[in-house]
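This report concerns only the one structure given below.
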Amino acid sequence: MTVTHLELANTVERIYRRFADLLRVDLIRLGKDDISPAQVALLFTIGEDELSVRDLLDRGHYMGSNASYNLKQLAESGYVERQVMARDRRSARLKLTKKGHELCQALHEFHEEYHDALTNNLEDQQEMETALRTLRRLEEFWTQTLRYGGVPINGSVAVQEARNRR
């Protein structure tokens with residue numbers, strides 16, 4: 001069976017939707033009705049760091065207006081602290097509040113259980129590592145294709161650099 005590029009893209013999209021569904025169930029288990037799975041993804045992206053909005057958008061690959069709305073909601077709900085920069089009032093730094101850290105920790109505990117259930121042995125763990133490498137390779141290919149305006153040719157610098165990073 002030959003796996004196509006489009007099949008991989010469709011699978012990635014379906015997996016993300018299932019992951020969002022799983023987060024929704026986890027939030028219900030925690031009694032949290034003031035935050036969405038998309039907003040949880042923002043919390044995970046911020047993590048322990050203090051980021052500018054631009055850094056957050058770059059790191060998480062979010063769309064600007066959607067992220068702005070969700071960040072406003074997260075600040076209003078007390079999950080994120082937004083500190084406006086003194087020299088440029090349009091810029092802000094973001095960091096998790098205690099409430100945000102506690103939610104992330106609780107969700108990480110659920111997901112450790114999921115991971116343990118999914119990876120029962122060394123072979124399962126190796127398959128997960130292979131899947132991650134493959135997804136990162138696909139991401140790098142798409143990034144390079146966008147950056148250079150077309151499909152990289154097998155001998156190109158972009159393709160060689162991507163292969164060397166694996």
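Starting from 1 in every chain, residues are counted up; chains themselves are A, B, ... following the order of the structure tokens, and ligands are numbered from 1 as listed.
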
Rows by chain and residue number, stretch 17-56 of chain A within 12 Å of stretch 90-103 of chain A, shortest pair, only C-alpha atoms, as a tab-separated table:
```
residue	atom	partner	partner_atom	distance
A:Leu23	CA	A:Leu103	CA	11.4
A:Asp26	CA	A:Leu103	CA	10.4
A:Leu27	CA	A:Leu103	CA	8.9
A:Arg29	CA	A:Leu103	CA	11.7
A:Leu30	CA	A:Leu103	CA	8.6
A:Gly31	CA	A:Leu103	CA	10.8
A:Lys32	CA	A:Leu103	CA	9.0
A:Asp34	CA	A:Leu103	CA	11.6
A:Ile35	CA	A:Leu103	CA	10.2
A:Pro37	CA	A:Leu103	CA	11.9
A:Gln39	CA	A:Gly100	CA	10.6
A:Val40	CA	A:Leu103	CA	8.7
A:Ala41	CA	A:Gly100	CA	11.6
A:Leu42	CA	A:Leu96	CA	10.0
A:Leu43	CA	A:Gly100	CA	7.0
A:Phe44	CA	A:His101	CA	9.3
A:Thr45	CA	A:Leu96	CA	10.3
A:Ile46	CA	A:Lys95	CA	6.6
A:Gly47	CA	A:Leu96	CA	7.0
A:Glu48	CA	A:Leu96	CA	7.3
A:Asp49	CA	A:Lys95	CA	6.4
A:Glu50	CA	A:Lys95	CA	4.7
A:Leu51	CA	A:Leu94	CA	5.2
A:Ser52	CA	A:Arg93	CA	4.4
A:Val53	CA	A:Ala92	CA	6.5
A:Arg54	CA	A:Ser91	CA	8.9
A:Asp55	CA	A:Arg93	CA	9.4
A:Leu56	CA	A:Leu94	CA	8.6
```

_Please list as a list in words every residue within 12 Å of stretch 9-16 of chain A, counting only C-alpha atoms and excluding residues in the same chain fewer than 5 positions away._
Val3, Thr4, Asp21, Leu22, Leu23, Pro37, Ala38, Ala41, Ala131, Leu132, Thr134, Leu135, Arg136, Leu138, Glu139 and Trp142 of chain A

Could you find all residues in chain A that DSSP calls strand (DSSP E or B) from the backbone, and write them as an mmCIF file with N, CA and C atoms, in the first residue's frame?
```cif
data_model
loop_
_atom_site.group_PDB
_atom_site.id
_atom_site.type_symbol
_atom_site.label_atom_id
_atom_site.label_comp_id
_atom_site.auth_asym_id
_atom_site.auth_seq_id
_atom_site.Cartn_x
_atom_site.Cartn_y
_atom_site.Cartn_z
ATOM 1 N N LEU A 51 6.369 34.799 26.991
ATOM 2 C CA LEU A 51 6.493 35.020 25.557
ATOM 3 C C LEU A 51 5.805 36.297 25.124
ATOM 4 N N SER A 52 6.308 36.866 24.044
ATOM 5 C CA SER A 52 5.552 37.929 23.385
ATOM 6 C C SER A 52 4.454 37.244 22.577
ATOM 7 N N VAL A 80 -4.001 33.297 32.069
ATOM 8 C CA VAL A 80 -2.825 33.936 31.504
ATOM 9 C C VAL A 80 -2.731 35.364 32.032
ATOM 10 N N GLU A 81 -1.500 35.754 32.326
ATOM 11 C CA GLU A 81 -1.230 37.138 32.708
ATOM 12 C C GLU A 81 -0.623 37.832 31.499
ATOM 13 N N ARG A 82 -1.175 38.977 31.174
ATOM 14 C CA ARG A 82 -0.709 39.752 30.012
ATOM 15 C C ARG A 82 -0.108 41.045 30.533
ATOM 16 N N GLN A 83 1.194 41.210 30.335
ATOM 17 C CA GLN A 83 1.893 42.409 30.800
ATOM 18 C C GLN A 83 2.225 43.282 29.600
ATOM 19 N N VAL A 84 1.645 44.478 29.578
ATOM 20 C CA VAL A 84 1.897 45.416 28.491
ATOM 21 C C VAL A 84 3.291 45.999 28.679
ATOM 22 N N ALA A 92 2.960 43.051 24.249
ATOM 23 C CA ALA A 92 2.684 42.463 25.562
ATOM 24 C C ALA A 92 3.469 41.169 25.716
ATOM 25 N N ARG A 93 3.752 40.836 26.967
ATOM 26 C CA ARG A 93 4.372 39.555 27.322
ATOM 27 C C ARG A 93 3.292 38.712 27.993
ATOM 28 N N LEU A 94 3.340 37.409 27.734
ATOM 29 C CA LEU A 94 2.349 36.481 28.263
ATOM 30 C C LEU A 94 3.025 35.445 29.128
ATOM 31 N N LYS A 95 2.367 35.108 30.229
ATOM 32 C CA LYS A 95 2.827 33.989 31.050
ATOM 33 C C LYS A 95 1.620 33.400 31.758
ATOM 34 N N LEU A 96 1.768 32.134 32.138
ATOM 35 C CA LEU A 96 0.676 31.457 32.827
ATOM 36 C C LEU A 96 0.566 31.957 34.256
#
```

*asked:* Just to confirm, what's the straight-line distance from atom CA of A:Arg24 to atom CA of A:Leu107 in Å (one decimal)?
replied: 10.7 Å

*What is the atom CA of A:Ser77 to atom CA of A:Asp33 distance in Å?*
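Taking atom CA of A:Ser77 and atom CA of A:Asp33, their separation equals 10.5 Å.
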